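S.K.: Got a file for you: model_8.txt, compact mmCIF, C-alpha atoms.
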# COMPACT_ATOMS: atom_id res chain seq x y z
CA MET A 13 -115.95 21.57 -43.51
CA GLU A 14 -119.20 22.25 -45.29
CA ARG A 15 -121.94 23.43 -42.97
CA ILE A 16 -125.50 24.56 -43.27
CA PRO A 17 -125.82 28.06 -41.79
CA ILE A 18 -128.21 28.54 -38.90
CA LEU A 19 -129.46 32.12 -38.60
CA LYS A 20 -130.95 33.64 -35.50
CA MET A 21 -133.96 35.92 -35.93
CA GLY A 22 -135.34 37.15 -32.64
CA ASP A 23 -136.15 34.05 -30.68
CA CYS A 24 -136.33 31.89 -33.81
CA LEU A 25 -133.67 29.93 -35.61
CA LEU A 26 -133.77 29.86 -39.39
CA VAL A 27 -132.19 26.96 -41.26
CA THR A 28 -132.13 27.20 -45.04
CA ILE A 29 -130.89 24.17 -46.86
CA GLN A 30 -129.51 25.43 -50.15
CA VAL A 31 -127.28 22.55 -51.14
CA ASP A 32 -127.82 18.89 -51.81
CA MET A 33 -128.04 17.10 -48.50
CA HIS A 34 -125.67 14.25 -47.97
CA ASP A 35 -125.52 12.04 -44.93
CA ARG A 36 -122.56 13.72 -43.25
CA LEU A 37 -124.11 17.17 -43.74
CA ALA A 38 -127.36 16.00 -42.15
CA MET A 39 -125.50 14.65 -39.12
CA THR A 40 -123.61 17.92 -38.77
CA LEU A 41 -126.83 19.88 -39.03
CA GLN A 42 -128.36 17.76 -36.29
CA ASP A 43 -125.42 18.52 -33.97
CA ASP A 44 -125.26 22.21 -34.83
CA LEU A 45 -128.96 22.81 -34.53
CA THR A 46 -129.43 21.13 -31.17
CA THR A 47 -126.39 23.01 -29.84
CA ARG A 48 -127.69 26.32 -31.14
CA VAL A 49 -131.20 25.78 -29.77
CA VAL A 50 -129.78 25.20 -26.30
CA GLU A 51 -127.30 28.10 -26.64
CA THR A 52 -129.77 30.69 -27.85
CA ARG A 53 -132.78 29.30 -25.99
CA ALA A 54 -134.74 29.64 -29.22
CA ARG A 55 -138.51 29.22 -29.04
CA GLY A 56 -138.97 28.29 -32.68
CA VAL A 57 -137.07 26.59 -35.48
CA LEU A 58 -137.91 27.02 -39.12
CA ILE A 59 -136.34 24.65 -41.61
CA ASP A 60 -136.66 25.75 -45.23
CA ILE A 61 -136.17 22.90 -47.67
CA SER A 62 -137.54 24.62 -50.78
CA ALA A 63 -134.21 24.20 -52.59
CA LEU A 64 -133.99 20.52 -51.78
CA ASP A 65 -135.11 18.40 -54.69
CA ILE A 66 -133.63 15.02 -53.93
CA VAL A 67 -134.20 13.07 -50.73
CA ASP A 68 -133.53 9.50 -49.78
CA SER A 69 -134.88 7.55 -46.84
CA PHE A 70 -131.96 8.63 -44.63
CA ILE A 71 -132.37 12.34 -45.27
CA GLY A 72 -136.14 11.99 -44.90
CA ARG A 73 -135.72 10.33 -41.54
CA MET A 74 -133.13 12.89 -40.46
CA LEU A 75 -135.55 15.72 -41.21
CA GLY A 76 -138.09 14.02 -38.96
CA TYR A 77 -135.47 13.46 -36.24
CA ILE A 78 -134.20 17.03 -36.35
CA ALA A 79 -137.74 18.34 -35.98
CA ALA A 80 -138.41 15.94 -33.12
CA MET A 81 -135.18 16.94 -31.33
CA ALA A 82 -135.99 20.63 -31.55
CA ARG A 83 -139.42 19.83 -30.16
CA VAL A 84 -137.89 18.01 -27.23
CA LEU A 85 -135.86 21.17 -26.55
CA ASP A 86 -139.17 23.06 -26.45
CA ALA A 87 -138.80 24.90 -29.74
CA LYS A 88 -141.72 24.86 -32.17
CA THR A 89 -140.41 23.39 -35.39
CA VAL A 90 -141.88 23.93 -38.83
CA LEU A 91 -140.68 22.35 -42.05
CA VAL A 92 -141.47 24.68 -44.96
CA GLY A 93 -141.42 24.74 -48.73
CA MET A 94 -141.25 21.04 -49.51
CA GLN A 95 -141.19 20.36 -53.25
CA PRO A 96 -143.99 18.19 -54.68
CA SER A 97 -141.54 15.57 -55.90
CA VAL A 98 -139.96 15.39 -52.44
CA ALA A 99 -143.37 15.04 -50.81
CA ILE A 100 -144.31 12.21 -53.16
CA THR A 101 -141.00 10.47 -52.56
CA LEU A 102 -141.34 10.66 -48.79
CA VAL A 103 -144.88 9.30 -48.91
CA GLU A 104 -143.80 6.47 -51.19
CA LEU A 105 -140.95 5.71 -48.78
CA GLY A 106 -143.52 5.50 -45.99
CA LEU A 107 -142.04 8.55 -44.23
CA GLU A 108 -145.11 10.64 -43.64
CA LEU A 109 -143.33 12.51 -40.82
CA PRO A 110 -146.24 12.46 -38.37
CA GLY A 111 -145.92 15.09 -35.72
CA VAL A 112 -143.86 17.41 -37.87
CA ASN A 113 -145.49 20.75 -38.62
CA THR A 114 -145.38 21.92 -42.19
CA ALA A 115 -146.12 25.11 -44.08
CA LEU A 116 -146.10 26.19 -47.69
CA ASN A 117 -143.40 28.86 -47.44
CA VAL A 118 -141.19 30.74 -45.00
CA GLU A 119 -143.75 33.50 -44.50
CA ARG A 120 -146.54 31.13 -43.51
CA GLY A 121 -144.11 29.12 -41.41
CA MET A 122 -143.12 32.24 -39.49
CA GLU A 123 -146.75 33.13 -38.82
CA LEU A 124 -147.32 29.62 -37.58
CA ILE A 125 -144.37 29.76 -35.18
CA LYS A 126 -145.29 33.23 -33.93
CA SER A 127 -148.89 32.29 -33.23
CA ALA A 128 -147.76 29.08 -31.55
CA ILE A 129 -145.32 30.97 -29.32
CA ALA A 130 -147.98 33.55 -28.51
CA ASP A 131 -150.50 30.83 -27.64
CA GLY A 132 -147.87 29.05 -25.62
CA SER A 133 -149.31 25.87 -27.02
CA LYS A 134 -148.10 23.59 -29.75
CA PRO A 135 -149.18 24.48 -33.26
CA SER A 136 -151.89 22.35 -34.78
CA ARG A 137 -150.83 18.99 -36.06
CA ASN A 138 -151.72 19.57 -39.66
CA GLY A 139 -149.25 22.40 -39.84
CA SER A 140 -151.75 25.06 -40.70
CA GLY A 141 -151.50 28.56 -39.38
CA LYS A 142 -154.41 30.91 -39.21
CA ARG A 143 -154.32 33.27 -42.12
CA ARG A 144 -154.16 36.94 -41.42
CA ALA A 145 -157.59 38.42 -41.92
CA MET B 79 -147.30 -20.93 -110.74
CA GLY B 80 -143.72 -20.12 -111.49
CA THR B 81 -141.95 -16.85 -111.79
CA THR B 82 -142.65 -16.69 -115.51
CA ALA B 83 -146.38 -16.68 -114.94
CA ASP B 84 -146.03 -13.76 -112.53
CA HIS B 85 -143.93 -11.91 -115.05
CA GLY B 86 -146.77 -12.44 -117.47
CA LEU B 87 -149.29 -11.15 -114.98
CA ALA B 88 -147.21 -8.08 -114.23
CA ASP B 89 -146.71 -7.37 -117.92
CA THR B 90 -150.39 -7.80 -118.63
CA ILE B 91 -151.19 -5.25 -115.94
CA LEU B 92 -148.51 -2.83 -117.11
CA GLN B 93 -149.61 -2.99 -120.75
CA ASN B 94 -153.22 -2.38 -119.86
CA GLU B 95 -152.69 0.08 -117.05
CA ALA B 96 -154.28 2.84 -119.11
CA GLU B 97 -157.67 1.15 -118.97
CA LEU B 98 -157.28 -0.82 -115.77
CA LEU B 99 -156.61 2.21 -113.59
CA PRO B 100 -159.66 4.29 -114.60
CA GLU B 101 -161.84 1.21 -114.35
CA TRP B 102 -160.57 0.45 -110.85
CA VAL B 103 -161.02 4.04 -109.70
CA ARG B 104 -164.53 4.01 -111.19
CA GLN B 105 -165.30 0.83 -109.27
CA GLN B 106 -164.06 2.38 -106.03
CA LEU B 107 -166.04 5.54 -106.56
CA ALA B 108 -169.17 3.60 -107.46
CA SER B 109 -169.01 1.27 -104.47
CA ALA B 110 -170.98 2.28 -101.42
CA GLY B 111 -167.85 2.02 -99.33
CA THR B 112 -166.10 5.04 -100.79
CA ARG B 113 -166.32 8.11 -98.67
CA ARG B 114 -166.19 10.97 -101.09
CA ASP B 115 -166.98 13.21 -98.16
CA LEU B 116 -163.72 12.25 -96.47
CA MET B 117 -161.25 12.25 -99.34
CA ARG B 118 -160.92 13.83 -102.76
CA ASP B 119 -161.16 11.83 -106.00
CA GLU B 120 -157.70 12.92 -107.13
CA GLU B 121 -156.20 11.58 -103.93
CA LEU B 122 -157.88 8.25 -104.56
CA ARG B 123 -156.64 8.17 -108.15
CA GLU B 124 -153.12 8.99 -107.04
CA GLN B 125 -153.16 6.25 -104.39
CA SER B 126 -154.51 3.73 -106.90
CA SER B 127 -151.94 4.52 -109.55
CA GLN B 128 -149.12 4.38 -107.00
CA PHE B 129 -150.39 1.03 -105.82
CA LEU B 130 -150.49 -0.45 -109.35
CA LYS B 131 -146.93 0.72 -110.00
CA ARG B 132 -145.54 -0.80 -106.83
CA PHE B 133 -147.70 -3.91 -107.14
CA THR B 134 -146.38 -4.76 -110.61
CA ARG B 135 -142.81 -4.01 -109.59
CA ALA B 136 -143.16 -6.41 -106.67
CA LEU B 137 -144.75 -9.02 -108.92
CA LYS B 138 -141.81 -8.87 -111.28
CA SER B 139 -139.27 -9.34 -108.56
CA GLY B 140 -140.89 -12.65 -107.58
CA ALA B 141 -142.01 -14.11 -104.24
CA PRO B 142 -145.74 -13.84 -104.94
CA ASP B 143 -146.61 -15.88 -101.86
CA ASP B 144 -144.62 -14.05 -99.24
CA MET B 145 -146.06 -10.63 -98.55
CA MET B 146 -143.47 -10.03 -95.86
CA ALA B 147 -140.59 -10.45 -98.34
CA GLU B 148 -138.43 -7.48 -99.15
CA ALA B 149 -139.79 -7.23 -102.69
CA TRP B 150 -143.15 -6.18 -101.23
CA GLY B 151 -141.65 -3.55 -98.95
CA GLU B 152 -142.81 -0.51 -100.88
CA THR B 153 -146.23 -1.97 -101.55
CA ARG B 154 -146.64 -2.57 -97.83
CA ALA B 155 -145.40 0.92 -97.07
CA LEU B 156 -148.03 2.39 -99.39
CA LEU B 157 -150.79 0.28 -97.86
CA GLU B 158 -149.69 1.27 -94.37
CA GLN B 159 -149.82 4.89 -95.34
CA VAL B 160 -153.26 4.54 -96.96
CA SER B 161 -154.70 2.51 -94.08
CA SER B 162 -153.44 4.63 -91.24
CA SER B 163 -154.49 7.85 -92.92
CA ARG B 164 -157.95 6.38 -93.49
CA ALA B 165 -158.11 5.14 -89.91
CA ARG B 166 -157.47 8.68 -88.72
CA GLN B 167 -159.99 10.12 -91.15
CA GLY B 168 -162.69 7.88 -89.72
CA PHE B 169 -163.15 5.27 -92.46
CA ARG B 170 -164.73 1.97 -91.49
CA PRO B 171 -162.59 -1.20 -91.83
CA SER B 172 -164.66 -2.48 -94.75
CA GLU B 173 -164.35 0.85 -96.51
CA THR B 174 -160.60 0.70 -96.14
CA ALA B 175 -160.35 -2.89 -97.33
CA MET B 176 -162.45 -1.94 -100.34
CA PHE B 177 -159.38 -0.17 -101.69
CA ILE B 178 -157.78 -3.55 -102.44
CA PHE B 179 -160.83 -5.72 -102.96
CA SER B 180 -162.35 -3.48 -105.59
CA LEU B 181 -159.34 -4.19 -107.79
CA ARG B 182 -160.46 -7.78 -108.13
CA GLN B 183 -163.27 -7.20 -110.61
CA PRO B 184 -161.40 -5.03 -113.14
CA LEU B 185 -158.34 -7.25 -112.94
CA PHE B 186 -160.48 -10.33 -113.40
CA ASP B 187 -162.10 -8.84 -116.50
CA LEU B 188 -158.73 -7.87 -117.89
CA LEU B 189 -157.20 -11.31 -117.41
CA ARG B 190 -160.20 -13.01 -118.97
CA ARG B 191 -159.93 -10.78 -122.01
CA GLU B 192 -156.17 -11.22 -122.36
CA ASN B 193 -156.08 -14.97 -121.89
CA LYS B 194 -159.15 -15.85 -123.92
CA ASN B 195 -157.46 -18.74 -125.65
CA ASP B 196 -155.26 -20.02 -122.87
CA THR B 197 -157.44 -21.52 -120.15
CA GLN B 198 -154.49 -22.96 -118.26
CA ARG B 199 -152.80 -19.57 -117.99
CA LEU B 200 -156.05 -17.84 -117.13
CA THR B 201 -156.61 -20.19 -114.22
CA ASP B 202 -153.04 -19.79 -113.00
CA ASP B 203 -153.15 -16.02 -113.21
CA LEU B 204 -156.49 -15.89 -111.46
CA MET B 205 -155.24 -18.09 -108.66
CA THR B 206 -152.15 -15.95 -108.17
CA MET B 207 -154.09 -12.74 -108.35
CA THR B 208 -156.81 -13.82 -105.92
CA SER B 209 -154.43 -15.09 -103.30
CA MET B 210 -152.32 -11.97 -103.53
CA LEU B 211 -155.19 -9.57 -103.34
CA ASP B 212 -156.56 -11.46 -100.33
CA LYS B 213 -153.28 -11.17 -98.52
CA LEU B 214 -152.90 -7.50 -99.36
CA GLY B 215 -156.48 -6.86 -98.26
CA LEU B 216 -155.91 -8.60 -94.96
CA TYR B 217 -152.72 -6.65 -94.47
CA THR B 218 -154.64 -3.44 -95.04
CA ILE B 219 -157.14 -4.38 -92.36
CA GLU B 220 -154.37 -5.31 -89.98
CA VAL B 221 -152.67 -1.95 -90.38
CA PHE B 222 -156.02 -0.19 -90.15
CA GLN B 223 -156.67 -1.94 -86.85
CA LYS B 224 -153.28 -0.87 -85.58
CA GLY B 225 -154.06 2.72 -86.55
CA ARG B 226 -157.32 2.54 -84.64
CA GLU B 227 -155.56 1.12 -81.60
CA GLU B 228 -153.18 4.05 -81.65
CA VAL B 229 -156.15 6.40 -81.71
CA ILE B 230 -157.64 4.61 -78.69
CA ALA B 231 -154.35 4.72 -76.80
CA ARG B 232 -154.03 8.43 -77.47
CA GLN B 233 -157.57 9.05 -76.30
CA GLN B 234 -156.93 7.10 -73.11
CA GLN B 235 -153.94 9.30 -72.43
CA GLU B 236 -155.99 12.41 -73.09
CA MET B 237 -158.75 11.18 -70.83
CA LEU B 238 -156.22 10.64 -68.09
CA GLU B 239 -155.18 14.25 -68.32
CA LEU B 240 -158.68 15.61 -68.79
CA SER B 241 -160.21 13.74 -65.93
CA THR B 242 -158.02 15.22 -63.22
CA PRO B 243 -158.51 18.98 -63.25
CA VAL B 244 -157.50 20.95 -60.18
CA VAL B 245 -159.84 23.87 -59.71
CA GLN B 246 -159.14 26.96 -57.67
CA LEU B 247 -162.32 27.67 -55.73
CA TRP B 248 -161.10 30.71 -53.88
CA ASP B 249 -157.88 32.32 -52.76
CA GLY B 250 -156.04 29.52 -51.03
CA ILE B 251 -158.71 26.88 -51.64
CA LEU B 252 -158.34 24.17 -54.28
CA ALA B 253 -160.89 21.57 -55.31
CA LEU B 254 -160.17 18.30 -57.03
CA PRO B 255 -163.29 16.54 -58.28
CA LEU B 256 -162.28 12.93 -58.82
CA ILE B 257 -164.31 11.04 -61.40
CA GLY B 258 -163.93 7.38 -62.26
CA THR B 259 -161.95 4.56 -60.77
CA LEU B 260 -158.72 5.48 -59.02
CA ASP B 261 -155.84 3.24 -59.98
CA SER B 262 -152.17 3.71 -59.19
CA ALA B 263 -151.34 5.49 -62.45
CA ARG B 264 -154.23 7.91 -62.05
CA THR B 265 -153.53 8.62 -58.42
CA GLN B 266 -149.98 9.47 -59.37
CA THR B 267 -151.20 11.98 -61.98
CA VAL B 268 -153.79 13.38 -59.57
CA MET B 269 -151.25 13.73 -56.81
CA GLU B 270 -148.68 15.42 -59.02
CA ASN B 271 -151.26 17.85 -60.43
CA LEU B 272 -152.53 18.67 -56.95
CA LEU B 273 -149.09 19.28 -55.45
CA GLU B 274 -147.95 21.39 -58.40
CA LYS B 275 -151.07 23.49 -58.09
CA ILE B 276 -150.59 23.89 -54.34
CA VAL B 277 -147.14 25.35 -54.97
CA GLU B 278 -148.38 27.48 -57.85
CA THR B 279 -151.31 29.04 -56.01
CA GLY B 280 -149.96 28.90 -52.48
CA SER B 281 -153.15 27.21 -51.29
CA GLU B 282 -153.44 25.76 -47.84
CA VAL B 283 -156.65 23.80 -48.28
CA ALA B 284 -157.48 21.24 -50.93
CA ILE B 285 -160.83 19.51 -51.23
CA LEU B 286 -160.70 16.01 -52.70
CA ASP B 287 -164.23 15.25 -53.84
CA ILE B 288 -164.90 11.55 -54.41
CA THR B 289 -168.55 11.82 -55.43
CA GLY B 290 -167.61 10.49 -58.86
CA VAL B 291 -165.55 7.58 -57.62
CA PRO B 292 -167.77 4.51 -58.00
CA THR B 293 -166.12 2.25 -55.43
CA VAL B 294 -163.65 2.74 -52.64
CA ASP B 295 -161.65 -0.31 -51.66
CA THR B 296 -158.54 -0.53 -49.49
CA LEU B 297 -156.31 0.26 -52.45
CA VAL B 298 -158.24 3.39 -53.43
CA ALA B 299 -158.32 4.49 -49.79
CA GLN B 300 -154.59 3.95 -49.54
CA HIS B 301 -154.07 6.05 -52.68
CA LEU B 302 -156.18 8.83 -51.21
CA MET B 303 -154.25 8.72 -47.96
CA LYS B 304 -151.00 9.03 -49.88
CA ALA B 305 -152.22 12.16 -51.62
CA VAL B 306 -153.36 13.61 -48.30
CA ALA B 307 -150.05 12.80 -46.61
CA ALA B 308 -148.02 14.33 -49.45
CA ALA B 309 -150.11 17.52 -49.35
CA ARG B 310 -149.66 17.71 -45.59
CA LEU B 311 -145.90 17.43 -45.95
CA MET B 312 -146.03 20.49 -48.16
CA GLY B 313 -148.07 22.38 -45.61
CA ALA B 314 -151.56 22.06 -47.03
CA GLU B 315 -154.59 20.45 -45.47
CA CYS B 316 -156.77 18.05 -47.43
CA ILE B 317 -160.48 17.56 -46.95
CA ILE B 318 -162.12 14.49 -48.42
CA SER B 319 -165.71 15.17 -49.41
CA GLY B 320 -168.49 13.54 -51.33
CA ILE B 321 -168.57 10.38 -49.28
CA ARG B 322 -171.75 8.51 -50.09
CA PRO B 323 -173.48 6.43 -47.38
CA GLN B 324 -172.50 3.22 -49.14
CA ILE B 325 -168.88 4.30 -49.22
CA ALA B 326 -168.85 5.34 -45.57
CA GLN B 327 -170.06 1.84 -44.72
CA THR B 328 -167.43 0.21 -46.90
CA ILE B 329 -164.63 2.32 -45.43
CA VAL B 330 -165.53 1.35 -41.88
CA HIS B 331 -166.05 -2.32 -42.74
CA LEU B 332 -162.67 -2.44 -44.45
CA GLY B 333 -161.08 -0.96 -41.36
CA VAL B 334 -159.56 1.96 -43.22
CA ASP B 335 -158.35 4.58 -40.76
CA LEU B 336 -159.39 8.03 -41.90
CA ALA B 337 -159.11 9.54 -38.41
CA ASP B 338 -156.27 11.90 -39.40
CA VAL B 339 -158.18 13.33 -42.33
CA THR B 340 -161.00 15.84 -42.30
CA THR B 341 -163.94 14.21 -44.03
CA LYS B 342 -167.20 15.82 -45.08
CA ALA B 343 -170.33 14.33 -46.55
CA SER B 344 -170.77 16.88 -49.29
CA MET B 345 -168.69 19.33 -51.25
CA ALA B 346 -170.79 22.18 -49.81
CA ASP B 347 -169.79 21.25 -46.25
CA ALA B 348 -166.18 21.00 -47.34
CA ILE B 349 -166.27 24.47 -48.89
CA LYS B 350 -167.85 25.88 -45.74
CA HIS B 351 -165.14 24.28 -43.63
CA ALA B 352 -162.38 25.55 -45.93
CA LEU B 353 -163.73 29.11 -45.87
CA GLN B 354 -164.02 29.01 -42.10
CA ARG B 355 -160.47 27.80 -41.80
CA ASN B 356 -159.30 30.73 -43.92
CA GLU B 357 -161.44 33.09 -41.84
CA LEU B 358 -163.86 33.83 -44.64
CA MET B 359 -167.61 33.56 -44.80
CA ILE B 360 -170.41 33.81 -47.30
CA VAL B 361 -173.20 36.21 -46.40
CA SER B 362 -176.55 36.82 -47.96
CA THR B 363 -176.97 40.11 -49.83
CA GLN B 364 -180.58 40.30 -48.71
CA LYS B 365 -181.01 42.79 -45.90
CA ALA B 366 -182.40 41.20 -42.81
Can I see the file as C-alpha cells?

M.R.:
Amino acid sequence: MERIPILKMGDCLLVTIQVDMHDRLAMTLQDDLTTRVVETRARGVLIDISALDIVDSFIGRMLGYIAAMARVLDAKTVLVGMQPSVAITLVELGLELPGVNTALNVERGMELIKSAIADGSKPSRNGSGKRRA
Amino acid sequence: MGTTADHGLADTILQNEAELLPEWVRQQLASAGTRRDLMRDEELREQSSQFLKRFTRALKSGAPDDMMAEAWGETRALLEQVSSSRARQGFRPSETAMFIFSLRQPLFDLLRRENKNDTQRLTDDLMTMTSMLDKLGLYTIEVFQKGREEVIARQQQEMLELSTPVVQLWDGILALPLIGTLDSARTQTVMENLLEKIVETGSEVAILDITGVPTVDTLVAQHLMKAVAAARLMGAECIISGIRPQIAQTIVHLGVDLADVTTKASMADAIKHALQRNELMIVSTQKA
C-alpha cells in the first residue's frame, strides 16, 4: 500500500508529502505518524507540504488534526512550505489552522523546532522563528 | 422610394465619383473636426474612397432602410475599422462622426446638379440619402463608443495590476501599500501577489499599509484578515499599519477582532517592529 515516508533526523521526524494526498493516504499518515512519534519519542515533527498543490476541506482538516495530535504527544509540529494557492484555498474554506505553527521552508522550520526544543517552551503562535544573526 | 431609385442614386455616385471624392476629402480636411495631427491625408483619402465603393455596392443590392442587413456588411465593417482606430488614436466622437456627415454637403450638391429637371427624383434621392447617412453616422458613433469602452476596461485592468505593488523593504521584509477601496476582486489580486512574493523572496514579515484605504468596513476588514491568515499559513507574519484614528474607531465599533494581528499606527513603527523581529536595527552614522 502507498505510504508517505516518515524520516527520523535526530530527535525530529521529517514528513515530506511528495504525492497528491487522497483521503486514505491522509488517514494512513495520521496512524503512522502518531505511532512513530510514540516509538521514537520524537521532540519535533516537521511536515513539508511544498509539493502539495491541491487540497480539499478534508485534507486541510487532516493537516490540522495531524499537527494537533503530534502536539498532544509533546512534539513541536511545524507545517512548512505551503503553496500560495493552497493557503488561499484553506482560508477560503475557513480552515485557518489556528494553533498550527508554520514556516516558509524546511530550513526555517528546523530552526524553529530546534529553538523551541532548546527553550523547552512551545514555539510562538505565528510560526516565526528567530532568524540567525 | 423603390429599388430603382436607389439604383439611380448609386449610379449617380459612381459616375461622378471622380469629382465627389476629392470634394468630400476637401470638406473633411477643411472642417475643424479633422485631426491632421493624428492621421495622414492619404489615409483619409483611402478610407473615403473605400467607403464610397462599399456604399454604392450596398445601395445597388437594395435594402436602403436596414443598415443591419447583409448587404451593408462590408460598409459596416469599414466603419467599425475607421471608428475603432480613431477611438484609439484619441479622436473626439464628433470628429469621428464628421467622417460620414461631411459627405452630406458634396452629395447634396451633386444630386441637385444631376436632377435639375426632375424635382420628384431629387426629393426622393435626398430623402434616401439623408436617412442613410444619418444611420451610418449613428452607427459610427455607436462603434466609437464601444471602442472607448474597451479602452476604459483595459485601463481598469491595468490599474488593478498597477495599484497593488509588493515592495521588498529589506531582506525578509515586504511592504504592501494598499491604495483605494478594497473589494473582493482586488483583495484576491493583492493576496495572490503578496503570497507569490513571499515565496519568491523567502520573506517572513509583510507590512500591509492601509493609509491609502479610504474606509474600512466589516467586509474590508474580513478581506484583510483573509490575507493575514493565508500569509500565516505559509509561515510569514503580517503587520497591518497606517491605521488612522477614524479607522481605529470604526474597527472597534464594528466589533472586528484584530487581536491576532500585529497592528501599528504608522508604517515607520511597522518597519521598526519588522527589523527588530529580524534582529536588525538602524543606527545613526553620527558619532555620539

S.K.: When the cut-off is 6 Å and we count all atoms listed in the file, which residues of chain B are near chain A, given as a PDB file with C-alpha atoms, in the frame of the given file?

M.R.:
ATOM      1  CA  LEU B 273    -149.090  19.280 -55.450  1.00  0.00           C
ATOM      2  CA  ALA B 308    -148.020  14.330 -49.450  1.00  0.00           C
ATOM      3  CA  LEU B 311    -145.900  17.430 -45.950  1.00  0.00           C
ATOM      4  CA  MET B 312    -146.030  20.490 -48.160  1.00  0.00           C
ATOM      5  CA  GLY B 313    -148.070  22.380 -45.610  1.00  0.00           C
ATOM      6  CA  ASN B 356    -159.300  30.730 -43.920  1.00  0.00           C
TER       7      ASN B 356
END

S.K.: In Å, how far is it from atom CA of B:Asp338 to atom CA of B:Thr259?

M.R.: 23.3 Å

S.K.: So for stretch 337-348 of chain B, what box centre and size do we get, axis-aligned, 5 Å extra on each of the six sides, every listed atom, Å to one decimal, as lines of an AutoDock Vina configuration file?

M.R.:
center_x = -163.5
center_y = 15.9
center_z = -44.8
size_x = 24.5
size_y = 22.6
size_z = 22.8

S.K.: Hey, can you check how far atom CA of A:Asp43 sits from atom CA of A:Ser127?

M.R.: 27.2 Å

S.K.: Mind pulling up the distance from atom CA of B:Leu353 to atom CA of B:Thr265?

M.R.: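 Separating atom CA of B:Thr265 from atom CA of B:Leu353 is a distance of 26.1 Å.
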
S.K.: Excluding A:Leu37 and its own-chain neighbours fewer than 3 positions away, which residues fall within 8 Å of it when counting all atoms listed in the file? Please give them as number ranges by chain.

M.R.: A: 14-16, 33-34, 40-41

S.K.: Could you give me, as a list in words, the residues within 12 Å of B:Leu107, counting all atoms listed in the file and dropping anything in the same chain fewer than 5 positions from it?

M.R.: Pro100, Glu101, Trp102, Thr112, Arg113, Arg114, Asp115, Met117, Arg118, Asp119, Glu120, Glu121, Leu122, Arg123, Ser126, Glu173, Met176, Phe177, Ser180 and Leu181 of chain B

S.K.: The residues within 12 Å of (-129.2, 31.5, -27.1), using all atoms listed in the file and the coordinates of the file, should be reported as a PyMOL selection string; which are they?

M.R.: chain A and resi 19-25+45-56+87

S.K.: Taking all atoms listed in the file into account, name the residue in A:Met39, A:Leu64, A:Asp44, A:Asp131 that is nearest to A:Pro17.

M.R.: A:Asp44
